[in-house]
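Student: Please find model.txt (compact mmCIF, C-alpha atoms) on the next line:
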```txt
# COMPACT_ATOMS: atom_id res chain seq x y z
CA MET A 1 5.54 -10.68 -17.42
CA GLU A 2 8.08 -13.40 -16.80
CA ILE A 3 10.76 -12.14 -14.47
CA ASP A 4 14.13 -13.77 -14.85
CA VAL A 5 16.95 -14.27 -12.41
CA ILE A 6 18.43 -10.79 -12.96
CA ASP A 7 15.08 -9.05 -12.45
CA ARG A 8 14.65 -11.11 -9.34
CA GLN A 9 18.01 -9.99 -7.96
CA ILE A 10 17.11 -6.38 -8.67
CA ILE A 11 13.76 -6.81 -6.92
CA GLN A 12 15.43 -8.33 -3.89
CA ALA A 13 18.02 -5.56 -3.76
CA THR A 14 15.42 -2.77 -3.95
CA GLN A 15 12.30 -4.09 -2.23
CA ASN A 16 13.34 -2.52 1.07
CA GLY A 17 13.93 0.78 -0.67
CA LEU A 18 16.14 2.58 -3.13
CA PRO A 19 19.60 3.55 -1.81
CA LEU A 20 19.83 7.14 -0.61
CA VAL A 21 22.97 7.98 -2.55
CA ALA A 22 23.50 10.26 -5.52
CA GLU A 23 23.61 7.36 -8.00
CA PRO A 24 21.23 4.79 -6.52
CA TYR A 25 20.96 2.55 -9.59
CA GLN A 26 24.75 2.41 -9.83
CA ALA A 27 24.81 1.36 -6.16
CA VAL A 28 22.33 -1.45 -6.85
CA ALA A 29 24.37 -2.48 -9.89
CA GLU A 30 27.58 -2.65 -7.87
CA GLN A 31 25.92 -4.71 -5.18
CA LEU A 32 24.77 -7.24 -7.79
CA GLY A 33 27.83 -7.20 -10.03
CA LEU A 34 25.86 -5.70 -12.92
CA SER A 35 26.38 -2.57 -14.97
CA GLU A 36 24.29 0.50 -14.21
CA GLN A 37 22.99 0.35 -17.77
CA VAL A 38 21.51 -3.10 -17.19
CA VAL A 39 19.83 -2.03 -13.96
CA LEU A 40 18.35 1.07 -15.64
CA GLN A 41 17.09 -0.99 -18.58
CA ARG A 42 15.63 -3.75 -16.43
CA MET A 43 13.88 -1.36 -14.07
CA SER A 44 12.48 0.71 -16.96
CA ALA A 45 11.17 -2.48 -18.56
CA MET A 46 9.62 -3.65 -15.29
CA GLN A 47 7.94 -0.27 -14.88
CA GLN A 48 6.61 -0.38 -18.43
CA GLN A 49 5.20 -3.87 -17.85
CA GLY A 50 3.58 -2.87 -14.59
CA VAL A 51 5.80 -5.10 -12.44
CA ILE A 52 6.87 -1.84 -10.83
CA ARG A 53 3.71 0.16 -10.19
CA ARG A 54 5.90 3.19 -9.66
CA ILE A 55 9.03 4.23 -7.80
CA ALA A 56 7.73 6.46 -5.06
CA ALA A 57 7.54 7.50 -1.45
CA VAL A 58 4.86 5.86 0.67
CA PRO A 59 3.77 8.17 3.47
CA ASN A 60 2.50 7.10 6.86
CA HIS A 61 -1.04 8.50 6.70
CA TYR A 62 -1.12 9.30 10.38
CA LYS A 63 2.10 11.29 10.31
CA LEU A 64 0.75 13.47 7.50
CA GLY A 65 -2.22 14.25 9.73
CA TYR A 66 -4.67 11.81 8.14
CA ARG A 67 -5.85 10.23 11.36
CA PHE A 68 -9.20 8.96 10.08
CA ASN A 69 -8.48 6.25 7.52
CA GLY A 70 -11.71 4.45 6.85
CA MET A 71 -12.42 1.32 4.88
CA THR A 72 -16.00 1.94 3.81
CA VAL A 73 -17.84 -1.26 2.92
CA TRP A 74 -21.18 -1.53 1.14
CA ASP A 75 -23.66 -4.27 0.36
CA VAL A 76 -24.95 -3.53 -3.12
CA ASP A 77 -26.64 -5.66 -5.76
CA ASP A 78 -24.10 -7.79 -7.66
CA VAL A 79 -25.73 -6.77 -10.93
CA GLN A 80 -25.11 -3.09 -10.16
CA VAL A 81 -21.73 -3.40 -8.47
CA ASP A 82 -19.51 -2.67 -11.51
CA CYS A 83 -21.42 0.44 -12.47
CA LEU A 84 -21.50 1.67 -8.87
CA GLY A 85 -17.86 0.75 -8.23
CA ARG A 86 -16.73 2.84 -11.20
CA LYS A 87 -18.74 5.81 -9.94
CA VAL A 88 -17.31 5.56 -6.44
CA ALA A 89 -13.79 5.13 -7.84
CA ALA A 90 -14.22 8.40 -9.74
CA LEU A 91 -14.64 10.38 -6.50
CA ALA A 92 -11.44 12.38 -6.00
CA PHE A 93 -10.95 11.40 -2.35
CA VAL A 94 -11.26 7.61 -2.79
CA SER A 95 -7.80 5.97 -2.77
CA HIS A 96 -8.75 2.35 -3.43
CA CYS A 97 -11.99 0.79 -4.65
CA TYR A 98 -12.66 -2.91 -5.14
CA GLN A 99 -15.37 -5.51 -5.44
CA ARG A 100 -14.69 -8.35 -3.01
CA PRO A 101 -16.56 -11.52 -2.01
CA ARG A 102 -19.12 -11.54 0.79
CA HIS A 103 -18.81 -13.93 3.73
CA LEU A 104 -22.43 -14.49 4.69
CA PRO A 105 -23.97 -14.24 7.17
CA ASP A 106 -21.46 -12.10 9.11
CA TRP A 107 -19.94 -10.12 6.23
CA PRO A 108 -22.53 -9.00 3.67
CA TYR A 109 -20.40 -6.30 1.98
CA ASN A 110 -19.16 -6.59 -1.60
CA LEU A 111 -17.94 -3.05 -2.44
CA PHE A 112 -14.92 -1.54 -0.64
CA ALA A 113 -13.69 2.07 -0.85
CA MET A 114 -10.93 3.67 1.23
CA VAL A 115 -11.27 7.27 2.46
CA HIS A 116 -8.80 9.43 4.40
CA GLY A 117 -9.63 12.44 6.57
CA LYS A 118 -7.63 14.75 8.77
CA THR A 119 -10.67 15.08 11.00
CA GLU A 120 -13.53 12.73 11.76
CA GLN A 121 -15.86 15.22 10.07
CA ASP A 122 -13.78 15.11 6.87
CA ALA A 123 -14.00 11.35 6.77
CA GLU A 124 -17.72 11.32 7.66
CA ARG A 125 -18.37 13.82 4.89
CA GLN A 126 -16.64 11.53 2.41
CA VAL A 127 -18.68 8.55 3.62
CA ALA A 128 -21.87 10.59 3.25
CA MET A 129 -20.93 11.50 -0.32
CA ILE A 130 -20.43 7.85 -1.21
CA ALA A 131 -23.74 6.98 0.47
CA GLU A 132 -25.48 9.67 -1.54
CA LEU A 133 -23.93 8.44 -4.79
CA LEU A 134 -24.97 4.84 -4.12
CA GLY A 135 -28.42 5.92 -2.95
CA ALA A 136 -31.11 3.26 -2.89
CA PHE A 137 -28.73 0.58 -4.20
CA VAL A 138 -27.21 0.25 -0.71
CA ARG A 139 -28.72 -2.45 1.48
CA SER A 140 -26.31 -1.83 4.37
CA HIS A 141 -22.88 -0.35 4.97
CA ASP A 142 -20.19 0.10 7.59
CA VAL A 143 -16.96 2.08 8.05
CA LEU A 144 -13.94 0.38 9.58
CA TYR A 145 -11.43 2.96 10.74
CA SER A 146 -7.88 1.80 11.23
CA SER A 147 -6.74 2.27 14.80
CA LYS A 148 -3.15 1.17 14.31
CA ILE A 149 -0.68 0.26 11.60
CA LEU A 150 0.62 -3.16 12.67
CA LYS A 151 2.86 -3.66 9.64
CA LYS A 152 3.57 -1.77 6.43
CA THR A 153 6.49 -3.18 4.52
CA GLY A 154 5.05 -3.74 1.07
CA LEU A 155 5.72 -6.80 -1.03
CA ARG A 156 8.70 -8.99 -0.14
CA ILE A 157 10.08 -11.84 -2.13
CA ALA A 158 12.17 -14.43 -0.37
CA GLY A 159 15.86 -14.88 -1.10
CA MET B 2 12.90 18.13 11.05
CA SER B 3 13.19 17.05 14.66
CA GLY B 4 9.68 15.75 15.37
CA ASN B 5 6.46 14.83 13.61
CA ASN B 6 5.14 18.36 13.74
CA ALA B 7 8.29 19.98 12.52
CA MET B 8 7.77 19.23 8.84
CA ASP B 9 8.37 22.39 6.88
CA ASP B 10 7.15 23.40 3.43
CA VAL B 11 10.21 21.91 1.76
CA ASP B 12 9.55 18.52 3.40
CA LYS B 13 5.95 18.73 2.26
CA ALA B 14 6.99 19.54 -1.30
CA ILE B 15 9.36 16.56 -1.24
CA ILE B 16 6.66 14.21 0.04
CA ASN B 17 4.15 15.40 -2.52
CA ARG B 18 6.64 15.19 -5.38
CA LEU B 19 7.98 11.76 -4.43
CA GLN B 20 4.53 10.18 -4.19
CA GLN B 21 4.13 10.86 -7.91
CA GLY B 22 7.06 8.80 -9.06
CA PHE B 23 10.81 8.92 -9.43
CA PRO B 24 13.00 8.90 -12.53
CA ILE B 25 15.08 5.95 -13.66
CA CYS B 26 18.34 7.60 -14.71
CA SER B 27 21.90 7.96 -13.41
CA SER B 28 21.33 10.93 -11.09
CA PRO B 29 17.63 10.85 -10.25
CA TYR B 30 17.91 12.73 -6.94
CA ARG B 31 19.69 15.61 -8.65
CA LYS B 32 16.92 15.75 -11.26
CA VAL B 33 14.15 15.85 -8.64
CA ALA B 34 16.11 18.29 -6.47
CA GLU B 35 16.40 20.67 -9.43
CA GLU B 36 12.65 20.45 -10.03
CA LEU B 37 12.07 21.41 -6.41
CA GLY B 38 14.75 24.10 -6.37
CA LEU B 39 16.86 22.20 -3.83
CA GLY B 40 20.38 20.89 -3.69
CA GLU B 41 20.83 17.18 -4.26
CA ARG B 42 22.44 16.74 -0.84
CA ASP B 43 19.65 18.63 0.88
CA LEU B 44 17.06 16.37 -0.77
CA LEU B 45 18.94 13.22 0.25
CA SER B 46 19.41 14.29 3.86
CA ARG B 47 15.77 15.39 4.24
CA LEU B 48 14.61 12.13 2.71
CA GLN B 49 16.77 10.25 5.19
CA VAL B 50 15.16 12.14 8.08
CA LEU B 51 11.61 11.64 6.77
CA LEU B 52 12.27 7.91 6.56
CA SER B 53 13.91 7.60 10.00
CA ALA B 54 11.10 9.64 11.57
CA GLY B 55 8.58 7.30 9.95
CA VAL B 56 6.80 10.10 8.08
CA LEU B 57 7.54 7.98 5.03
CA SER B 58 7.05 4.23 5.48
CA ARG B 59 9.32 3.55 2.56
CA PHE B 60 10.83 4.98 -0.58
CA GLY B 61 11.55 2.87 -3.62
CA PRO B 62 9.97 0.68 -6.27
CA MET B 63 6.46 -0.51 -5.49
CA TYR B 64 6.35 -4.01 -6.94
CA HIS B 65 3.08 -5.42 -8.18
CA ALA B 66 2.62 -9.05 -7.11
CA GLU B 67 0.09 -9.91 -9.81
CA HIS B 68 2.20 -8.51 -12.63
CA MET B 69 5.08 -10.68 -11.42
CA GLY B 70 2.86 -13.74 -11.75
CA GLY B 71 1.99 -13.71 -8.06
CA ALA B 72 -1.15 -12.94 -6.11
CA LEU B 73 -2.53 -10.43 -3.61
CA THR B 74 -5.40 -10.78 -1.25
CA LEU B 75 -7.04 -8.92 1.62
CA ALA B 76 -7.87 -11.04 4.63
CA ALA B 77 -9.33 -10.46 8.07
CA LEU B 78 -9.43 -12.08 11.49
CA LYS B 79 -11.73 -11.82 14.49
CA VAL B 80 -9.13 -11.62 17.24
CA PRO B 81 -10.11 -11.75 20.93
CA GLU B 82 -8.85 -8.47 22.47
CA SER B 83 -6.78 -10.36 25.04
CA ARG B 84 -4.84 -12.10 22.26
CA PHE B 85 -4.48 -9.13 19.93
CA ASP B 86 -0.74 -8.45 20.33
CA GLU B 87 0.18 -12.11 20.28
CA VAL B 88 -1.82 -12.71 17.08
CA ALA B 89 -0.40 -9.55 15.46
CA GLU B 90 3.08 -10.89 16.09
CA ILE B 91 2.24 -14.26 14.52
CA VAL B 92 0.63 -12.66 11.46
CA ASN B 93 3.38 -10.05 10.97
CA ALA B 94 6.05 -12.74 11.10
CA PHE B 95 4.85 -14.10 7.75
CA PRO B 96 6.96 -12.37 5.08
CA GLU B 97 3.96 -12.60 2.73
CA VAL B 98 2.05 -10.15 4.97
CA ALA B 99 2.74 -6.82 3.29
CA HIS B 100 0.43 -4.63 5.42
CA ASN B 101 -1.54 -5.23 8.57
CA TYR B 102 -4.00 -2.85 10.22
CA ALA B 103 -6.07 -2.90 13.40
CA ARG B 104 -9.63 -1.80 12.63
CA ASN B 105 -12.65 -1.02 14.78
CA HIS B 106 -14.91 -3.97 14.02
CA VAL B 107 -15.52 -7.53 15.19
CA LEU B 108 -13.22 -8.37 12.28
CA ASN B 109 -10.49 -6.33 13.92
CA MET B 110 -7.30 -7.33 12.08
CA TRP B 111 -6.99 -6.75 8.32
CA PHE B 112 -3.93 -7.70 6.34
CA VAL B 113 -2.75 -7.87 2.75
CA LEU B 114 -0.98 -11.02 1.60
CA ALA B 115 1.33 -10.86 -1.39
CA THR B 116 2.71 -14.14 -2.70
CA GLU B 117 4.98 -14.94 -5.61
CA LYS B 118 2.68 -17.67 -6.90
CA PRO B 119 -1.13 -17.65 -6.72
CA GLU B 120 -1.25 -21.15 -5.23
CA GLN B 121 0.80 -19.99 -2.22
CA VAL B 122 -2.04 -17.84 -0.85
CA GLN B 123 -3.94 -20.85 0.47
CA GLY B 124 -0.82 -22.20 2.17
CA VAL B 125 -0.15 -18.92 3.97
CA ILE B 126 -3.78 -18.67 5.06
CA ALA B 127 -3.65 -22.24 6.33
CA GLY B 128 -0.42 -21.43 8.21
CA ILE B 129 -1.98 -18.37 9.85
CA GLU B 130 -5.07 -20.38 10.82
CA ARG B 131 -2.94 -23.15 12.26
CA GLN B 132 -0.67 -20.85 14.26
CA THR B 133 -3.45 -18.57 15.55
CA GLY B 134 -6.29 -21.07 15.86
CA LEU B 135 -8.53 -18.45 14.20
CA THR B 136 -10.52 -18.47 10.96
CA VAL B 137 -9.13 -16.27 8.19
CA TYR B 138 -11.74 -14.43 6.14
CA ASN B 139 -10.18 -14.31 2.69
CA MET B 140 -11.43 -11.48 0.47
CA PRO B 141 -9.44 -11.46 -2.77
CA LYS B 142 -10.53 -8.69 -5.09
CA ILE B 143 -13.03 -9.62 -7.76
CA THR B 144 -12.68 -6.30 -9.62
CA GLU B 145 -10.33 -3.35 -9.08
CA TYR B 146 -12.03 -0.05 -9.88
CA PHE B 147 -9.26 2.27 -8.72
CA VAL B 148 -5.96 2.39 -6.84
CA GLY B 149 -3.71 5.34 -6.46
CA LEU B 150 -4.66 8.47 -4.59
CA GLN B 151 -1.76 10.51 -3.30
CA LEU B 152 -2.15 12.18 0.06
CA GLU B 153 -1.19 15.81 0.15
CA ALA B 154 1.29 16.59 2.90
```
Represent the structure of the file as structure tokens.
Tutor:
Amino acid sequence: MEIDVIDRQIIQATQNGLPLVAEPYQAVAEQLGLSEQVVLQRMSAMQQQGVIRRIAAVPNHYKLGYRFNGMTVWDVDDVQVDCLGRKVAALAFVSHCYQRPRHLPDWPYNLFAMVHGKTEQDAERQVAMIAELLGAFVRSHDVLYSSKILKKTGLRIAG
Amino acid sequence: MSGNNAMDDVDKAIINRLQQGFPICSSPYRKVAEELGLGERDLLSRLQVLLSAGVLSRFGPMYHAEHMGGALTLAALKVPESRFDEVAEIVNAFPEVAHNYARNHVLNMWFVLATEKPEQVQGVIAGIERQTGLTVYNMPKITEYFVGLQLEA
């Protein structure tokens, strides 16, 4: 979707968050010198087009008790990767699943799936379930747990 | 809620509800508050506390770089432990860095770049390489199979 100058202003006014006031879209409209109706229409259109994935709260995993956030990475045959990726993505506990390029020789993995556990055992159990699903198609794998959030702001567009 | 462990069931219900999406209408907080059996002002003040306490990283529209004509990529660095904080500061200073995580691997810093135009990704990577003196491992997605789990509070 082509975003125009008004969409862009709305994005800039809301990318840090939606105002915490009873009429947040009206507040954005006032800030930009627009009518509330225009802001509501533009944001609905952006949501319909997928420019806005959704309007939502993003929790800090750690503060909800999910201390074991693992990026599981797998080296599987490129011919099989789509079929396997779809199967892994269908597991209820997987939050993100992608095929990405290898960087040989030090990074042989082409399938990525994120898991989140409140305990190490939870996370390990999830990794084991993925391993079982992938079975003999896995040549090697690793789990990279996050040890610290260094930044989490989401997308920003410059002014 | 005074600390991280003081979240009550109402806070949890708010977190779970607000991960699912938020209405675009004149009084959206009132609408969600009614769904949850809360007052609008109670919802707003709890939301404020959850954000200031960092239980929620943010609340608002999640914009999709690719659907705006931009690009997203995941990239990693092998950072010597002694330089970790310094490099984190350099990387985080780029506005295009949307997320950055320390991970337990030789590739120990993983960040997501979001740029308004696809051709800007290479420039940001070059800038990070120049300022850190390290090689960026760029791993743009080839295929997305799934995004979107919500974590139950």
Student: Which residue, B:Gly55, B:Pro62, B:Gly71, B:Gly128, has the smallest gap to A:Met46 when you use only C-alpha atoms?
Tutor: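 The shortest atom-to-atom distance to A:Met46 comes from B:Pro62.
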Student: Please write as a ChimeraX atom specification the list of polymer residues whose atoms come within 12 Å of (2.8, 4.7, 9.6), counting all atoms listed in the file and keeping to the coordinates of the file.
Tutor: /A:58-67,69,146-153 /B:5,51-59,100-102
Student: Using all atoms listed in the file, determine which residues lie at most 10 Å from stretch 122-132 of chain A, disregarding the query and same-chain residues fewer than 2 positions distant; provide the list as a VMD selection string.
Tutor: chain A and resid 66 to 74 84 87 to 89 91 to 94 113 to 120 134 to 138 140 to 143 145
Student: May I have the residues within 7 Å of B:Leu75 as a PyMOL selection string, using only C-alpha atoms and disregarding those fewer than 5 positions away in the same chain?
Tutor: chain B and resi 112-114+139-141
Student: Could you build a table of the residues in chain B lying no more than 7 Å from chain A, giving for each the nearest pair of atoms and their separation in Å rounded to one decimal place, using all atoms listed in the file, ordered by chain and ascending residue number, as JSON lines?
Tutor:
```
{"residue": "B:Asn5", "atom": "CA", "partner": "A:Lys63", "partner_atom": "CA", "distance": 6.5}
{"residue": "B:Ile16", "atom": "CA", "partner": "A:Ala57", "partner_atom": "CA", "distance": 6.9}
{"residue": "B:Leu19", "atom": "CA", "partner": "A:Ala57", "partner_atom": "CA", "distance": 5.2}
{"residue": "B:Gln20", "atom": "CA", "partner": "A:Ala57", "partner_atom": "CA", "distance": 4.9}
{"residue": "B:Gln21", "atom": "CA", "partner": "A:Ala56", "partner_atom": "CA", "distance": 6.4}
{"residue": "B:Gly22", "atom": "CA", "partner": "A:Ala56", "partner_atom": "CA", "distance": 4.7}
{"residue": "B:Phe23", "atom": "CA", "partner": "A:Ile55", "partner_atom": "CA", "distance": 5.3}
{"residue": "B:Ile25", "atom": "CA", "partner": "A:Leu40", "partner_atom": "CA", "distance": 6.2}
{"residue": "B:Cys26", "atom": "CA", "partner": "A:Leu40", "partner_atom": "CA", "distance": 6.6}
{"residue": "B:Ser27", "atom": "CA", "partner": "A:Glu23", "partner_atom": "CA", "distance": 5.7}
{"residue": "B:Ser28", "atom": "CA", "partner": "A:Glu23", "partner_atom": "CA", "distance": 5.2}
{"residue": "B:Tyr30", "atom": "CA", "partner": "A:Ala22", "partner_atom": "CA", "distance": 6.3}
{"residue": "B:Leu45", "atom": "CA", "partner": "A:Leu20", "partner_atom": "CA", "distance": 6.2}
{"residue": "B:Gly55", "atom": "CA", "partner": "A:Asn60", "partner_atom": "CA", "distance": 6.8}
{"residue": "B:Val56", "atom": "CA", "partner": "A:Lys63", "partner_atom": "CA", "distance": 5.3}
{"residue": "B:Leu57", "atom": "CA", "partner": "A:Pro59", "partner_atom": "CA", "distance": 4.1}
{"residue": "B:Ser58", "atom": "CA", "partner": "A:Pro59", "partner_atom": "CA", "distance": 5.5}
{"residue": "B:Arg59", "atom": "CA", "partner": "A:Val58", "partner_atom": "CA", "distance": 5.4}
{"residue": "B:Phe60", "atom": "CA", "partner": "A:Ala57", "partner_atom": "CA", "distance": 4.2}
{"residue": "B:Gly61", "atom": "CA", "partner": "A:Gly17", "partner_atom": "CA", "distance": 4.3}
{"residue": "B:Pro62", "atom": "CA", "partner": "A:Ile55", "partner_atom": "CA", "distance": 4.0}
{"residue": "B:Met63", "atom": "CA", "partner": "A:Arg53", "partner_atom": "CA", "distance": 5.5}
{"residue": "B:Tyr64", "atom": "CA", "partner": "A:Ile52", "partner_atom": "CA", "distance": 4.5}
{"residue": "B:His65", "atom": "CA", "partner": "A:Val51", "partner_atom": "CA", "distance": 5.1}
{"residue": "B:His68", "atom": "CA", "partner": "A:Val51", "partner_atom": "CA", "distance": 5.0}
{"residue": "B:Met69", "atom": "CA", "partner": "A:Val51", "partner_atom": "CA", "distance": 5.7}
{"residue": "B:Gly70", "atom": "CA", "partner": "A:Met1", "partner_atom": "CA", "distance": 7.0}
{"residue": "B:Asn93", "atom": "CA", "partner": "A:Lys151", "partner_atom": "CA", "distance": 6.5}
{"residue": "B:Pro96", "atom": "CA", "partner": "A:Arg156", "partner_atom": "CA", "distance": 6.5}
{"residue": "B:Glu97", "atom": "CA", "partner": "A:Arg156", "partner_atom": "CA", "distance": 6.6}
{"residue": "B:Ala99", "atom": "CA", "partner": "A:Gly154", "partner_atom": "CA", "distance": 4.4}
{"residue": "B:His100", "atom": "CA", "partner": "A:Lys152", "partner_atom": "CA", "distance": 4.4}
{"residue": "B:Asn101", "atom": "CA", "partner": "A:Lys151", "partner_atom": "CA", "distance": 4.8}
{"residue": "B:Tyr102", "atom": "CA", "partner": "A:Ile149", "partner_atom": "CA", "distance": 4.8}
{"residue": "B:Ala103", "atom": "CA", "partner": "A:Lys148", "partner_atom": "CA", "distance": 5.1}
{"residue": "B:Arg104", "atom": "CA", "partner": "A:Ser146", "partner_atom": "CA", "distance": 4.2}
{"residue": "B:Asn105", "atom": "CA", "partner": "A:Leu144", "partner_atom": "CA", "distance": 5.5}
{"residue": "B:His106", "atom": "CA", "partner": "A:Leu144", "partner_atom": "CA", "distance": 6.3}
{"residue": "B:Ala115", "atom": "CA", "partner": "A:Leu155", "partner_atom": "CA", "distance": 6.0}
{"residue": "B:Glu117", "atom": "CA", "partner": "A:Ile157", "partner_atom": "CA", "distance": 6.9}
{"residue": "B:Met140", "atom": "CA", "partner": "A:Pro101", "partner_atom": "CA", "distance": 5.7}
{"residue": "B:Pro141", "atom": "CA", "partner": "A:Arg100", "partner_atom": "CA", "distance": 6.1}
{"residue": "B:Lys142", "atom": "CA", "partner": "A:Arg100", "partner_atom": "CA", "distance": 4.7}
{"residue": "B:Ile143", "atom": "CA", "partner": "A:Arg100", "partner_atom": "CA", "distance": 5.2}
{"residue": "B:Thr144", "atom": "CA", "partner": "A:Gln99", "partner_atom": "CA", "distance": 5.0}
{"residue": "B:Glu145", "atom": "CA", "partner": "A:Tyr98", "partner_atom": "CA", "distance": 4.6}
{"residue": "B:Tyr146", "atom": "CA", "partner": "A:Cys97", "partner_atom": "CA", "distance": 5.3}
{"residue": "B:Phe147", "atom": "CA", "partner": "A:Cys97", "partner_atom": "CA", "distance": 5.1}
{"residue": "B:Val148", "atom": "CA", "partner": "A:His96", "partner_atom": "CA", "distance": 4.4}
{"residue": "B:Gly149", "atom": "CA", "partner": "A:Ser95", "partner_atom": "CA", "distance": 5.5}
{"residue": "B:Leu150", "atom": "CA", "partner": "A:Ser95", "partner_atom": "CA", "distance": 4.4}
{"residue": "B:Ala154", "atom": "CA", "partner": "A:Leu64", "partner_atom": "CA", "distance": 5.6}
```
Student: Atom CA of B:Val88 to atom CA of B:Thr74: how many Å, to one decimal?
Tutor: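 Going from atom CA of B:Val88 over to atom CA of B:Thr74 covers 18.8 Å.
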Student: Is there a way to get, as number ranges by chain, all residues within 7 Å of the point (18.7, 13.8, -4.6) in file coordinates, counting only C-alpha atoms?
Tutor: A: 22; B: 29-31, 33-34, 41-42, 44-45
Student: How far is it from atom CA of A:Ala13 to atom CA of A:Arg42, in Å with one decimal?
Tutor: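 Spanning atom CA of A:Ala13 to atom CA of A:Arg42 is a straight-line distance of 13.0 Å.
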Student: So how far away is atom CA of B:Ala7 from atom CA of B:Ser46, in Å?
Tutor: 15.2 Å
Student: Measuring atom to atom with only C-alpha atoms, identify which of A:Leu32, A:Ala27, A:Val76, A:Ala45 is nearest to A:Ile10.
Tutor: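 When distances to A:Ile10 are compared using only C-alpha atoms, the smallest one comes from A:Leu32.
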Student: For stretch 52-59 of chain A, take all atoms listed in the file, fit an axis-aligned box around them, add 8 Å to each of the six sides, then output centre and edge lengths in Å rounded to one decimal, as JSON.
Tutor:
```
{"center_x": 6.4, "center_y": 3.2, "center_z": -3.7, "size_x": 21.3, "size_y": 26.0, "size_z": 30.3}
```
Student: Since the input lacks atoms, please generate N, CA and C atoms for stretch 17-32 of chain B and provide them as a compact mmCIF listing (two decimals), in the coordinates of the input.
Tutor:
```txt
# COMPACT_ATOMS: atom_id res chain seq x y z
N ASN B 17 5.14 15.36 -1.45
CA ASN B 17 4.15 15.40 -2.52
C ASN B 17 4.77 15.01 -3.86
N ARG B 18 5.98 15.50 -4.11
CA ARG B 18 6.64 15.19 -5.38
C ARG B 18 6.99 13.70 -5.46
N LEU B 19 7.50 13.14 -4.38
CA LEU B 19 7.98 11.76 -4.43
C LEU B 19 6.85 10.72 -4.40
N GLN B 20 5.65 11.13 -4.08
CA GLN B 20 4.53 10.18 -4.19
C GLN B 20 4.15 9.97 -5.65
N GLN B 21 4.55 10.93 -6.51
CA GLN B 21 4.13 10.86 -7.91
C GLN B 21 5.01 9.97 -8.76
N GLY B 22 6.17 9.62 -8.25
CA GLY B 22 7.06 8.80 -9.06
C GLY B 22 8.45 9.38 -9.08
N PHE B 23 9.40 8.57 -9.53
CA PHE B 23 10.81 8.92 -9.43
C PHE B 23 11.50 8.45 -10.70
N PRO B 24 12.40 9.27 -11.24
CA PRO B 24 13.00 8.90 -12.53
C PRO B 24 13.97 7.72 -12.44
N ILE B 25 14.09 7.02 -13.54
CA ILE B 25 15.08 5.95 -13.66
C ILE B 25 16.17 6.48 -14.57
N CYS B 26 17.21 7.04 -13.96
CA CYS B 26 18.34 7.60 -14.71
C CYS B 26 19.53 7.66 -13.74
N SER B 27 20.70 8.04 -14.23
CA SER B 27 21.90 7.96 -13.41
C SER B 27 21.83 8.80 -12.13
N SER B 28 21.35 10.04 -12.25
CA SER B 28 21.33 10.93 -11.09
C SER B 28 19.90 11.42 -10.81
N PRO B 29 19.05 10.50 -10.40
CA PRO B 29 17.63 10.85 -10.25
C PRO B 29 17.37 11.85 -9.13
N TYR B 30 18.16 11.79 -8.05
CA TYR B 30 17.91 12.73 -6.94
C TYR B 30 18.25 14.16 -7.39
N ARG B 31 19.33 14.28 -8.18
CA ARG B 31 19.69 15.61 -8.65
C ARG B 31 18.56 16.18 -9.52
N LYS B 32 17.99 15.31 -10.37
CA LYS B 32 16.92 15.75 -11.26
C LYS B 32 15.71 16.25 -10.46
```
